[in-house]
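structure-v1.pdb (PDB, C-alpha atoms) appears below.
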ATOM      1  CA  MET A   1      86.632 125.075  79.057
ATOM      2  CA  ARG A   2      89.168 122.226  79.140
ATOM      3  CA  ALA A   3      89.220 119.671  81.917
ATOM      4  CA  TYR A   4      90.825 116.309  82.439
ATOM      5  CA  GLU A   5      88.445 113.437  83.111
ATOM      6  CA  LEU A   6      89.099 109.931  84.416
ATOM      7  CA  ILE A   7      88.685 107.296  81.709
ATOM      8  CA  ASP A   8      88.872 103.514  81.693
ATOM      9  CA  GLY A   9      92.316 102.133  82.428
ATOM     10  CA  ASN A  10      94.683 101.199  85.207
ATOM     11  CA  ASP A  11      97.780 103.284  84.558
ATOM     12  CA  VAL A  12      98.845 106.952  84.553
ATOM     13  CA  ASN A  13      97.277 107.436  81.109
ATOM     14  CA  ALA A  14      93.758 106.699  82.367
ATOM     15  CA  LEU A  15      92.694 110.330  81.975
ATOM     16  CA  ALA A  16      91.953 112.564  78.993
ATOM     17  CA  ILE A  17      91.323 116.236  78.214
ATOM     18  CA  LYS A  18      87.668 116.975  77.495
ATOM     19  CA  GLU A  19      85.668 120.103  76.641
ATOM     20  CA  ARG A  20      83.127 121.087  79.284
ATOM     21  CA  PRO A  21      80.755 124.033  79.659
ATOM     22  CA  ALA A  22      82.158 126.880  81.731
ATOM     23  CA  PRO A  23      80.944 126.447  85.328
ATOM     24  CA  GLN A  24      78.526 128.945  86.856
ATOM     25  CA  ALA A  25      78.485 130.106  90.477
ATOM     26  CA  GLY A  26      75.252 129.174  92.214
ATOM     27  CA  PRO A  27      74.199 130.417  95.654
ATOM     28  CA  GLY A  28      77.020 129.941  98.157
ATOM     29  CA  GLN A  29      79.523 129.004  95.434
ATOM     30  CA  VAL A  30      82.519 130.553  93.701
ATOM     31  CA  VAL A  31      84.146 129.891  90.348
ATOM     32  CA  ILE A  32      87.947 129.614  90.350
ATOM     33  CA  ASP A  33      90.148 130.104  87.316
ATOM     34  CA  VAL A  34      92.712 127.411  88.121
ATOM     35  CA  ARG A  35      96.372 128.320  87.566
ATOM     36  CA  ALA A  36      98.170 125.296  89.043
ATOM     37  CA  CYS A  37      97.502 121.878  90.558
ATOM     38  CA  SER A  38      99.781 119.684  92.648
ATOM     39  CA  LEU A  39      99.947 115.908  92.750
ATOM     40  CA  ASN A  40      99.607 113.622  95.735
ATOM     41  CA  TYR A  41     100.195 109.879  95.951
ATOM     42  CA  ARG A  42      96.464 109.508  96.467
ATOM     43  CA  ASP A  43      95.890 111.035  93.006
ATOM     44  CA  LEU A  44      98.099 108.356  91.489
ATOM     45  CA  LEU A  45      96.070 105.640  93.211
ATOM     46  CA  VAL A  46      92.808 107.201  92.011
ATOM     47  CA  VAL A  47      93.892 107.525  88.384
ATOM     48  CA  LYS A  48      95.173 103.922  88.365
ATOM     49  CA  GLY A  49      92.005 102.676  90.056
ATOM     50  CA  THR A  50      93.790 101.288  93.104
ATOM     51  CA  SER A  51      92.486 103.702  95.748
ATOM     52  CA  ALA A  52      90.426 101.806  98.296
ATOM     53  CA  SER A  53      89.517 104.838 100.426
ATOM     54  CA  SER A  54      88.756 107.561  97.862
ATOM     55  CA  GLY A  55      87.033 105.602  95.131
ATOM     56  CA  ARG A  56      87.020 106.418  91.447
ATOM     57  CA  ALA A  57      84.325 107.375  88.967
ATOM     58  CA  THR A  58      84.767 107.556  85.207
ATOM     59  CA  GLY A  59      84.159 111.093  83.935
ATOM     60  CA  VAL A  60      85.250 112.779  87.171
ATOM     61  CA  VAL A  61      87.891 115.534  87.087
ATOM     62  CA  PRO A  62      90.966 114.222  88.988
ATOM     63  CA  LEU A  63      93.370 115.843  91.490
ATOM     64  CA  SER A  64      92.406 117.253  94.865
ATOM     65  CA  ASP A  65      94.815 120.207  95.025
ATOM     66  CA  GLY A  66      94.727 123.406  93.037
ATOM     67  CA  ALA A  67      95.062 127.174  93.325
ATOM     68  CA  GLY A  68      93.874 130.068  91.229
ATOM     69  CA  VAL A  69      91.831 133.262  91.149
ATOM     70  CA  VAL A  70      88.155 133.746  92.000
ATOM     71  CA  SER A  71      86.390 134.796  88.784
ATOM     72  CA  ALA A  72      82.738 134.689  89.888
ATOM     73  CA  VAL A  73      80.878 134.793  93.203
ATOM     74  CA  GLY A  74      77.398 133.423  93.795
ATOM     75  CA  ALA A  75      74.612 134.901  95.872
ATOM     76  CA  GLY A  76      75.102 134.880  99.632
ATOM     77  CA  VAL A  77      78.892 134.505  99.556
ATOM     78  CA  ALA A  78      80.776 136.579 102.136
ATOM     79  CA  GLY A  79      84.520 136.911 102.634
ATOM     80  CA  LEU A  80      85.515 136.138  99.040
ATOM     81  CA  ALA A  81      85.578 138.430  96.025
ATOM     82  CA  VAL A  82      86.502 138.334  92.365
ATOM     83  CA  GLY A  83      90.277 138.551  92.072
ATOM     84  CA  ASP A  84      91.085 136.774  95.349
ATOM     85  CA  LYS A  85      94.007 134.329  95.215
ATOM     86  CA  VAL A  86      92.659 131.064  96.634
ATOM     87  CA  ALA A  87      92.911 127.300  96.912
ATOM     88  CA  GLY A  88      90.208 124.709  97.406
ATOM     89  CA  ALA A  89      90.221 122.543 100.514
ATOM     90  CA  PHE A  90      90.811 118.799 100.080
ATOM     91  CA  MET A  91      87.399 118.119 101.692
ATOM     92  CA  PRO A  92      85.441 121.351 101.095
ATOM     93  CA  ASP A  93      82.630 120.497 103.518
ATOM     94  CA  PHE A  94      85.004 119.565 106.368
ATOM     95  CA  THR A  95      85.098 123.090 107.746
ATOM     96  CA  ALA A  96      85.926 122.242 111.382
ATOM     97  CA  GLY A  97      85.305 119.691 114.118
ATOM     98  CA  VAL A  98      85.438 115.917 113.701
ATOM     99  CA  LEU A  99      85.832 114.106 110.396
ATOM    100  CA  THR A 100      82.876 111.907 109.417
ATOM    101  CA  PRO A 101      82.365 109.435 106.574
ATOM    102  CA  GLU A 102      80.006 111.902 104.909
ATOM    103  CA  LEU A 103      82.606 114.702 104.958
ATOM    104  CA  GLN A 104      85.335 112.351 103.763
ATOM    105  CA  ALA A 105      83.153 111.249 100.844
ATOM    106  CA  GLY A 106      83.289 114.830  99.562
ATOM    107  CA  SER A 107      87.063 114.804  99.014
ATOM    108  CA  LEU A 108      87.928 116.204  95.612
ATOM    109  CA  GLY A 109      89.170 114.212  92.648
ATOM    110  CA  GLY A 110      87.844 110.712  93.374
ATOM    111  CA  VAL A 111      84.100 110.473  92.937
ATOM    112  CA  VAL A 112      83.690 114.257  93.199
ATOM    113  CA  ASP A 113      85.123 116.575  90.543
ATOM    114  CA  GLY A 114      88.603 117.803  91.439
ATOM    115  CA  MET A 115      90.890 120.601  90.333
ATOM    116  CA  LEU A 116      92.600 119.533  87.071
ATOM    117  CA  ALA A 117      90.566 121.892  84.894
ATOM    118  CA  GLU A 118      90.767 125.434  83.589
ATOM    119  CA  GLN A 119      87.837 126.415  85.810
ATOM    120  CA  VAL A 120      86.102 124.794  88.774
ATOM    121  CA  VAL A 121      83.126 125.666  90.951
ATOM    122  CA  LEU A 122      83.321 125.024  94.704
ATOM    123  CA  PRO A 123      81.295 125.864  97.808
ATOM    124  CA  ALA A 124      82.639 129.115  99.209
ATOM    125  CA  HIS A 125      83.028 127.583 102.683
ATOM    126  CA  GLY A 126      85.587 125.185 101.199
ATOM    127  CA  VAL A 127      87.729 127.862  99.540
ATOM    128  CA  VAL A 128      90.635 129.477 101.383
ATOM    129  CA  LYS A 129      92.652 132.607 100.596
ATOM    130  CA  VAL A 130      96.350 131.765 100.260
ATOM    131  CA  PRO A 131      99.363 133.830 101.372
ATOM    132  CA  GLU A 132     100.123 136.566  98.856
ATOM    133  CA  HIS A 133     103.867 135.862  98.770
ATOM    134  CA  LEU A 134     103.295 132.433  97.222
ATOM    135  CA  SER A 135     103.217 131.688  93.504
ATOM    136  CA  PHE A 136     100.238 129.724  92.214
ATOM    137  CA  GLU A 137     102.502 126.679  91.862
ATOM    138  CA  GLU A 138     103.503 126.978  95.527
ATOM    139  CA  ALA A 139      99.952 127.661  96.721
ATOM    140  CA  ALA A 140      98.692 124.569  94.888
ATOM    141  CA  THR A 141     100.807 122.359  97.154
ATOM    142  CA  LEU A 142      98.987 123.379 100.330
ATOM    143  CA  PRO A 143      95.550 121.676 100.502
ATOM    144  CA  CYS A 144      96.596 118.040 101.032
ATOM    145  CA  ALA A 145     100.324 117.696 101.774
ATOM    146  CA  GLY A 146     100.595 121.001 103.617
ATOM    147  CA  VAL A 147      97.517 120.557 105.787
ATOM    148  CA  THR A 148      98.375 116.899 106.447
ATOM    149  CA  ALA A 149     101.847 117.834 107.713
ATOM    150  CA  TRP A 150     100.409 120.691 109.792
ATOM    151  CA  TYR A 151      97.813 118.425 111.378
ATOM    152  CA  ALA A 152     100.378 115.694 112.037
ATOM    153  CA  GLN A 153     102.748 118.055 113.838
ATOM    154  CA  PHE A 154     100.481 120.401 115.741
ATOM    155  CA  VAL A 155      97.142 118.641 116.180
ATOM    156  CA  GLY A 156      97.993 114.944 116.252
ATOM    157  CA  ALA A 157     101.297 115.406 118.075
ATOM    158  CA  SER A 158     101.206 118.831 119.788
ATOM    159  CA  LEU A 159     104.835 119.322 118.746
ATOM    160  CA  ARG A 160     106.914 121.469 121.109
ATOM    161  CA  PRO A 161     110.298 123.203 120.822
ATOM    162  CA  GLY A 162     113.239 120.935 121.584
ATOM    163  CA  GLN A 163     111.484 117.708 120.646
ATOM    164  CA  THR A 164     112.869 115.362 117.999
ATOM    165  CA  VAL A 165     110.824 114.504 114.911
ATOM    166  CA  LEU A 166     111.512 111.539 112.624
ATOM    167  CA  LEU A 167     110.512 112.009 108.978
ATOM    168  CA  LEU A 168     110.489 109.269 106.343
ATOM    169  CA  GLY A 169     111.454 110.191 102.805
ATOM    170  CA  THR A 170     111.531 113.522 101.029
ATOM    171  CA  GLY A 171     108.117 113.694  99.377
ATOM    172  CA  GLY A 172     105.581 116.464  99.794
ATOM    173  CA  VAL A 173     104.277 115.695 103.292
ATOM    174  CA  SER A 174     107.726 114.955 104.719
ATOM    175  CA  ILE A 175     109.265 118.168 103.382
ATOM    176  CA  PHE A 176     106.357 120.251 104.667
ATOM    177  CA  ALA A 177     106.752 118.486 108.031
ATOM    178  CA  LEU A 178     110.459 119.374 108.012
ATOM    179  CA  GLN A 179     109.721 123.033 107.377
ATOM    180  CA  PHE A 180     106.982 123.206 110.024
ATOM    181  CA  ALA A 181     109.087 121.354 112.605
ATOM    182  CA  LYS A 182     111.900 123.856 112.190
ATOM    183  CA  LEU A 183     109.436 126.738 112.610
ATOM    184  CA  ALA A 184     108.450 125.137 115.918
ATOM    185  CA  GLY A 185     112.048 124.816 117.121
ATOM    186  CA  ALA A 186     112.150 121.022 116.872
ATOM    187  CA  ARG A 187     115.064 118.781 115.924
ATOM    188  CA  VAL A 188     114.550 116.823 112.691
ATOM    189  CA  ILE A 189     115.927 113.432 111.628
ATOM    190  CA  ILE A 190     115.001 112.544 108.044
ATOM    191  CA  THR A 191     115.560 109.418 105.940
ATOM    192  CA  SER A 192     116.034 108.844 102.213
ATOM    193  CA  SER A 193     117.800 106.436  99.874
ATOM    194  CA  ASP A 194     119.320 109.347  97.928
ATOM    195  CA  ASP A 195     122.263 111.332  99.326
ATOM    196  CA  ALA A 196     121.504 114.255  97.009
ATOM    197  CA  LYS A 197     118.011 114.494  98.460
ATOM    198  CA  LEU A 198     119.416 114.277 101.977
ATOM    199  CA  SER A 199     121.747 117.173 101.160
ATOM    200  CA  ARG A 200     118.759 119.236 100.050
ATOM    201  CA  ALA A 201     116.935 118.323 103.252
ATOM    202  CA  THR A 202     119.943 119.452 105.263
ATOM    203  CA  ALA A 203     119.861 122.789 103.420
ATOM    204  CA  LEU A 204     116.228 123.144 104.523
ATOM    205  CA  GLY A 205     117.213 122.642 108.167
ATOM    206  CA  ALA A 206     117.290 118.891 108.816
ATOM    207  CA  ASP A 207     119.583 118.253 111.789
ATOM    208  CA  GLU A 208     120.417 114.609 111.070
ATOM    209  CA  VAL A 209     120.024 112.496 107.925
ATOM    210  CA  VAL A 210     120.002 108.716 107.428
ATOM    211  CA  ASN A 211     120.385 106.918 104.109
ATOM    212  CA  TYR A 212     118.225 103.834 104.605
ATOM    213  CA  ARG A 213     119.849 101.991 101.706
ATOM    214  CA  GLN A 214     123.270 102.323 103.310
ATOM    215  CA  THR A 215     121.903 101.853 106.832
ATOM    216  CA  GLU A 216     119.319  99.090 106.582
ATOM    217  CA  ASP A 217     118.558  99.125 110.307
ATOM    218  CA  TRP A 218     117.827 102.835 110.207
ATOM    219  CA  GLN A 219     115.668 102.620 113.311
ATOM    220  CA  THR A 220     118.785 101.675 115.297
ATOM    221  CA  LYS A 221     120.603 104.701 113.884
ATOM    222  CA  VAL A 222     117.720 106.943 114.933
ATOM    223  CA  LYS A 223     117.997 105.634 118.481
ATOM    224  CA  GLU A 224     121.745 106.239 118.435
ATOM    225  CA  LEU A 225     121.182 109.816 117.278
ATOM    226  CA  THR A 226     118.798 110.351 120.199
ATOM    227  CA  GLY A 227     121.085 108.924 122.872
ATOM    228  CA  GLY A 228     119.273 105.592 122.907
ATOM    229  CA  VAL A 229     115.922 107.214 123.756
ATOM    230  CA  GLY A 230     114.178 107.463 120.385
ATOM    231  CA  ALA A 231     112.314 110.221 118.558
ATOM    232  CA  ASP A 232     109.479 112.029 120.310
ATOM    233  CA  HIS A 233     107.311 111.955 117.216
ATOM    234  CA  ALA A 234     107.320 110.397 113.737
ATOM    235  CA  VAL A 235     105.485 111.339 110.572
ATOM    236  CA  GLU A 236     104.860 107.915 109.025
ATOM    237  CA  VAL A 237     104.201 108.065 105.276
ATOM    238  CA  GLY A 238     105.421 104.578 104.393
ATOM    239  CA  GLY A 239     102.716 102.455 105.948
ATOM    240  CA  PRO A 240     103.016  98.759 106.819
ATOM    241  CA  GLY A 241     106.427  98.309 105.230
ATOM    242  CA  THR A 242     108.040 100.857 107.562
ATOM    243  CA  LEU A 243     105.710 101.097 110.543
ATOM    244  CA  ASN A 244     107.378  98.421 112.675
ATOM    245  CA  ARG A 245     110.770 100.091 112.280
ATOM    246  CA  THR A 246     109.204 103.425 113.134
ATOM    247  CA  LEU A 247     107.735 101.888 116.287
ATOM    248  CA  GLU A 248     111.251 100.851 117.265
ATOM    249  CA  ALA A 249     112.638 104.319 116.486
ATOM    250  CA  VAL A 250     110.092 106.219 118.620
ATOM    251  CA  ARG A 251     110.634 106.651 122.355
ATOM    252  CA  HIS A 252     108.472 105.253 125.134
ATOM    253  CA  GLY A 253     105.436 107.500 125.392
ATOM    254  CA  GLY A 254     106.108 108.931 121.918
ATOM    255  CA  SER A 255     103.677 109.366 119.062
ATOM    256  CA  ILE A 256     103.300 108.511 115.390
ATOM    257  CA  SER A 257     101.136 110.328 112.855
ATOM    258  CA  LEU A 258     100.184 107.682 110.304
ATOM    259  CA  MET A 259      98.955 108.841 106.907
ATOM    260  CA  GLY A 260     100.886 107.025 104.177
ATOM    261  CA  VAL A 261     100.469 103.760 102.305
ATOM    262  CA  LEU A 262     103.514 103.988 100.040
ATOM    263  CA  THR A 263     104.478 100.408 100.921
ATOM    264  CA  GLY A 264     100.979  98.931 100.650
ATOM    265  CA  LEU A 265      97.840  98.516 102.709
ATOM    266  CA  ALA A 266      98.339  95.363 104.781
ATOM    267  CA  ASP A 267     101.098  93.710 106.790
ATOM    268  CA  GLN A 268     101.814  92.503 110.305
ATOM    269  CA  VAL A 269     102.081  95.314 112.830
ATOM    270  CA  ALA A 270     104.180  94.991 115.986
ATOM    271  CA  THR A 271     101.297  95.645 118.354
ATOM    272  CA  GLY A 272     103.462  94.549 121.263
ATOM    273  CA  LEU A 273     105.680  97.601 120.753
ATOM    274  CA  ILE A 274     102.656  99.909 120.722
ATOM    275  CA  LEU A 275     101.554  98.421 124.039
ATOM    276  CA  SER A 276     104.902  98.070 125.810
ATOM    277  CA  LYS A 277     106.174 101.500 124.764
ATOM    278  CA  ASN A 278     102.861 103.274 125.350
ATOM    279  CA  ILE A 279     102.997 104.779 121.863
ATOM    280  CA  LYS A 280     100.157 106.886 120.526
ATOM    281  CA  ILE A 281      99.327 106.296 116.841
ATOM    282  CA  GLN A 282      97.191 109.017 115.293
ATOM    283  CA  GLY A 283      95.519 108.350 111.958
ATOM    284  CA  THR A 284      95.871 111.472 109.849
ATOM    285  CA  TYR A 285      93.553 112.106 106.911
ATOM    286  CA  VAL A 286      94.440 115.682 105.932
ATOM    287  CA  GLY A 287      92.573 118.214 108.123
ATOM    288  CA  SER A 288      89.761 120.740 108.113
ATOM    289  CA  VAL A 289      89.314 124.125 106.455
ATOM    290  CA  ALA A 290      89.992 125.663 109.883
ATOM    291  CA  HIS A 291      93.349 123.843 110.023
ATOM    292  CA  PHE A 292      94.101 125.095 106.505
ATOM    293  CA  ARG A 293      93.575 128.688 107.621
ATOM    294  CA  GLU A 294      95.720 128.199 110.752
ATOM    295  CA  MET A 295      98.531 126.811 108.610
ATOM    296  CA  ASN A 296      98.276 129.687 106.138
ATOM    297  CA  ALA A 297      98.606 132.198 108.967
ATOM    298  CA  ALA A 298     101.906 130.613 110.014
ATOM    299  CA  ILE A 299     103.131 130.395 106.420
ATOM    300  CA  ALA A 300     102.334 134.066 105.858
ATOM    301  CA  LEU A 301     103.948 135.162 109.139
ATOM    302  CA  HIS A 302     107.212 133.334 108.444
ATOM    303  CA  ARG A 303     107.032 133.809 104.652
ATOM    304  CA  LEU A 304     107.636 130.088 104.278
ATOM    305  CA  LYS A 305     107.978 128.842 100.694
ATOM    306  CA  PRO A 306     106.737 125.342  99.844
ATOM    307  CA  VAL A 307     109.233 123.201  97.952
ATOM    308  CA  VAL A 308     108.183 122.595  94.350
ATOM    309  CA  GLY A 309     110.384 119.884  92.897
ATOM    310  CA  LYS A 310     109.231 119.832  89.262
ATOM    311  CA  VAL A 311     106.600 121.583  87.137
ATOM    312  CA  PHE A 312     104.756 120.117  84.131
ATOM    313  CA  GLY A 313     102.441 121.735  81.595
ATOM    314  CA  PHE A 314      98.706 121.035  81.408
ATOM    315  CA  GLU A 315      99.045 118.580  78.527
ATOM    316  CA  GLU A 316     101.776 116.751  80.462
ATOM    317  CA  ALA A 317      99.605 115.577  83.369
ATOM    318  CA  PRO A 318     100.142 111.851  82.600
ATOM    319  CA  ALA A 319     103.910 112.449  82.509
ATOM    320  CA  ALA A 320     103.658 114.261  85.845
ATOM    321  CA  LEU A 321     101.892 111.258  87.366
ATOM    322  CA  ALA A 322     104.555 108.942  85.947
ATOM    323  CA  TYR A 323     107.259 111.128  87.464
ATOM    324  CA  LEU A 324     105.532 110.996  90.851
ATOM    325  CA  GLU A 325     105.238 107.219  90.560
ATOM    326  CA  SER A 326     108.975 106.938  89.839
ATOM    327  CA  GLY A 327     109.810 108.373  93.271
ATOM    328  CA  SER A 328     112.353 110.750  91.748
ATOM    329  CA  HIS A 329     110.701 113.865  93.163
ATOM    330  CA  PHE A 330     111.831 116.025  96.072
ATOM    331  CA  GLY A 331     108.971 118.026  97.540
ATOM    332  CA  LYS A 332     105.931 118.541  95.336
ATOM    333  CA  VAL A 333     105.135 117.832  91.677
ATOM    334  CA  VAL A 334     102.995 120.533  90.053
ATOM    335  CA  VAL A 335     100.951 120.842  86.848
ATOM    336  CA  THR A 336     100.327 124.364  85.540
ATOM    337  CA  VAL A 337      96.944 125.184  84.023
ATOM    338  CA  GLU A 338      97.179 127.694  81.180
TER     339      GLU A 338
END

Written as structure tokens, that's how I'd like the structure from this file.
Amino acid sequence: MRAYELIDGNDVNALAIKERPAPQAGPGQVVIDVRACSLNYRDLLVVKGTSASSGRATGVVPLSDGAGVVSAVGAGVAGLAVGDKVAGAFMPDFTAGVLTPELQAGSLGGVVDGMLAEQVVLPAHGVVKVPEHLSFEEAATLPCAGVTAWYAQFVGASLRPGQTVLLLGTGGVSIFALQFAKLAGARVIITSSDDAKLSRATALGADEVVNYRQTEDWQTKVKELTGGVGADHAVEVGGPGTLNRTLEAVRHGGSISLMGVLTGLADQVATGLILSKNIKIQGTYVGSVAHFREMNAAIALHRLKPVVGKVFGFEEAPAALAYLESGSHFGKVVVTVE
């Protein structure tokens, strides 16, 4: 059985294909024949050894997100059977309730084996059936980016019809957030530096688009587009480099779901705006297995299709990471496992 493992290094090539014994399903576990994995920015940080929150261990299988077919079921497993189309949860032991450091430590692909392998074994309570209308490539995008966007919109923000959502960029989380916001009847303003990407976002339902290269003070444009009031909610994937502008773009009493560090980990934050505008900032670290199942129910009902921007073969995983790092992607980057 082939699996990628993290090796020494600090770039996208710091992983290698290794031969491993085929996993066996112990009590309470299932074996999944993996068909596709998707990449997240966190995976890039892990492979390069720059992830402060997830850690990194040489010899660990990378990538948190993958989908496939159950091929073996251990003793005591209920609700899953051989042949089921499934995905693993980002944090398999975070089934519901409140996130704890212990549950977070179990996130896949950092110091715990992840999904970039031909077969994986996971606890059954951390495995979720995926909507049947999705391809394996589409289903592989759900565990991190999908659940993060779902949590940001409907748990962190309690998004309601008629509200305005500000989305930054056109990566995986932002595009999922666009699709979910439109399902909820919300108005969407989305930013990008690429007009072609903004056109694609418009085709997916974005109501207003802002090119932040052409409009440097994009937060002012957002306020103009909302009659001077500001957005009700923002999904903030940029981090410290964009947060202060997002604080300006959000209305008094609005909210921000903060989950991204694309611009780094530290900078000065305009705390005065948080205070004076009574803004709620919700840290968003994916979500639970229960949130995953709630999201899947909505996806199945509306037959929503995740946006897969580009697909790479199994041997091309380093190239897939390099493509993600380039920022050229729209939606999700996927690696097939064959």

Evaluate the PyMOL selection byres ((chain A and resi 116) around 6) against this structure - the residues, as a PDB file with C-alpha atoms, in the frame of the given file, please.
ATOM      1  CA  TYR A   4      90.825 116.309  82.439  1.00  0.00           C
ATOM      2  CA  PRO A  62      90.966 114.222  88.988  1.00  0.00           C
ATOM      3  CA  LEU A  63      93.370 115.843  91.490  1.00  0.00           C
ATOM      4  CA  MET A 115      90.890 120.601  90.333  1.00  0.00           C
ATOM      5  CA  ALA A 117      90.566 121.892  84.894  1.00  0.00           C
TER       6      ALA A 117
END

Under the rule of at most 12 Å, produce a per-residue listing of range 222-326 of chain A near range 185-204 of chain A: chain, number, name, the closest pair of atoms, and the distance in Å, as a tab-separated table, using all atoms listed in the file.
residue	atom	partner	partner_atom	distance
A:Val222	CA	A:Ile189	CA	7.5
A:Lys223	CA	A:Ile189	CA	10.6
A:Glu224	CA	A:Ile189	CA	11.5
A:Leu225	CA	A:Ile189	CA	8.5
A:Thr226	CA	A:Ile189	CA	9.5
A:Gly230	CA	A:Ile189	CA	10.7
A:Ala231	CA	A:Ile189	CA	8.4
A:Asp232	CA	A:Arg187	CA	9.8
A:His233	CA	A:Val188	CA	9.8
A:Ala234	CA	A:Ile189	CA	9.4
A:Val235	CA	A:Ile190	CA	9.9
A:Glu236	CA	A:Ile190	CA	11.2
A:Val237	CA	A:Thr191	CA	11.5
A:Gly238	CA	A:Thr191	CA	11.3
A:Thr242	CA	A:Thr191	CA	11.5
A:Thr246	CA	A:Thr191	CA	11.3
A:Ala249	CA	A:Ile189	CA	10.8
A:Val250	CA	A:Ile189	CA	11.6
A:Leu304	CA	A:Leu204	CA	11.0
A:Lys305	CA	A:Leu204	CA	10.7
A:Pro306	CA	A:Leu204	CA	10.8
A:Val307	CA	A:Leu204	CA	9.6
A:Gly309	CA	A:Lys197	CA	10.9

| request: Apply the PyMOL selection byres ((chain A and resi 29-42) around 6) to the displayed file and report the matching residues as a PyMOL selection string. | output: chain A and resi 25-28+43-45+65-74+118-124+136-137+140-141+333-337

| So what does the PyMOL selection byres ((chain A and resi 16) around 6) actually pick up in this one, as a VMD selection string? | chain A and resid 4 to 5 15 17

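Across the model, the gap from CA of Leu6 in chain A to CA of Gly110 in chain A is 9.1 Å.
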
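Relative to CA of Ala177 in chain A, CA of Thr148 in chain A is found at 8.7 Å.
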
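CA of Gly254 in chain A is found 7.4 Å from CA of Asn278 in chain A.
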
| message | So that I can see what lies close to Gln282 in chain A, please list as number ranges by chain the residues with an atom at most 7 Å from it, counting all atoms listed in the file and leaving out residues fewer than 4 positions away in the same chain. | response | A: 156, 256-258

Any chance you could build range 197-210 of chain A out to N, CA and C atoms and write it as a PDB file, keeping the file's coordinate frame?
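Okay, this is what ended up in selection08.pdb:
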ATOM      1  N   LYS A 197     119.231 114.014  97.810  1.00  0.00           N
ATOM      2  CA  LYS A 197     118.011 114.494  98.460  1.00  0.00           C
ATOM      3  C   LYS A 197     118.273 114.806  99.928  1.00  0.00           C
ATOM      4  N   LEU A 198     119.091 114.010 100.575  1.00  0.00           N
ATOM      5  CA  LEU A 198     119.416 114.277 101.977  1.00  0.00           C
ATOM      6  C   LEU A 198     120.191 115.586 102.112  1.00  0.00           C
ATOM      7  N   SER A 199     121.033 115.898 101.141  1.00  0.00           N
ATOM      8  CA  SER A 199     121.747 117.173 101.160  1.00  0.00           C
ATOM      9  C   SER A 199     120.772 118.337 101.032  1.00  0.00           C
ATOM     10  N   ARG A 200     119.769 118.187 100.185  1.00  0.00           N
ATOM     11  CA  ARG A 200     118.759 119.236 100.050  1.00  0.00           C
ATOM     12  C   ARG A 200     117.953 119.384 101.331  1.00  0.00           C
ATOM     13  N   ALA A 201     117.654 118.266 101.980  1.00  0.00           N
ATOM     14  CA  ALA A 201     116.935 118.323 103.252  1.00  0.00           C
ATOM     15  C   ALA A 201     117.762 119.025 104.318  1.00  0.00           C
ATOM     16  N   THR A 202     119.059 118.772 104.314  1.00  0.00           N
ATOM     17  CA  THR A 202     119.943 119.452 105.263  1.00  0.00           C
ATOM     18  C   THR A 202     119.928 120.956 105.023  1.00  0.00           C
ATOM     19  N   ALA A 203     119.911 121.367 103.753  1.00  0.00           N
ATOM     20  CA  ALA A 203     119.861 122.789 103.420  1.00  0.00           C
ATOM     21  C   ALA A 203     118.570 123.435 103.908  1.00  0.00           C
ATOM     22  N   LEU A 204     117.502 122.632 104.019  1.00  0.00           N
ATOM     23  CA  LEU A 204     116.228 123.144 104.523  1.00  0.00           C
ATOM     24  C   LEU A 204     116.153 123.141 106.047  1.00  0.00           C
ATOM     25  N   GLY A 205     117.176 122.588 106.712  1.00  0.00           N
ATOM     26  CA  GLY A 205     117.213 122.642 108.167  1.00  0.00           C
ATOM     27  C   GLY A 205     117.244 121.321 108.882  1.00  0.00           C
ATOM     28  N   ALA A 206     117.226 120.196 108.139  1.00  0.00           N
ATOM     29  CA  ALA A 206     117.290 118.891 108.816  1.00  0.00           C
ATOM     30  C   ALA A 206     118.572 118.799 109.639  1.00  0.00           C
ATOM     31  N   ASP A 207     118.438 118.320 110.880  1.00  0.00           N
ATOM     32  CA  ASP A 207     119.583 118.253 111.789  1.00  0.00           C
ATOM     33  C   ASP A 207     120.403 116.990 111.601  1.00  0.00           C
ATOM     34  N   GLU A 208     119.738 115.881 111.288  1.00  0.00           N
ATOM     35  CA  GLU A 208     120.417 114.609 111.070  1.00  0.00           C
ATOM     36  C   GLU A 208     119.760 113.915 109.882  1.00  0.00           C
ATOM     37  N   VAL A 209     120.568 113.223 109.073  1.00  0.00           N
ATOM     38  CA  VAL A 209     120.024 112.496 107.925  1.00  0.00           C
ATOM     39  C   VAL A 209     120.506 111.056 107.972  1.00  0.00           C
ATOM     40  N   VAL A 210     119.671 110.140 107.450  1.00  0.00           N
ATOM     41  CA  VAL A 210     120.002 108.716 107.428  1.00  0.00           C
ATOM     42  C   VAL A 210     119.648 108.160 106.054  1.00  0.00           C
TER      43      VAL A 210
END
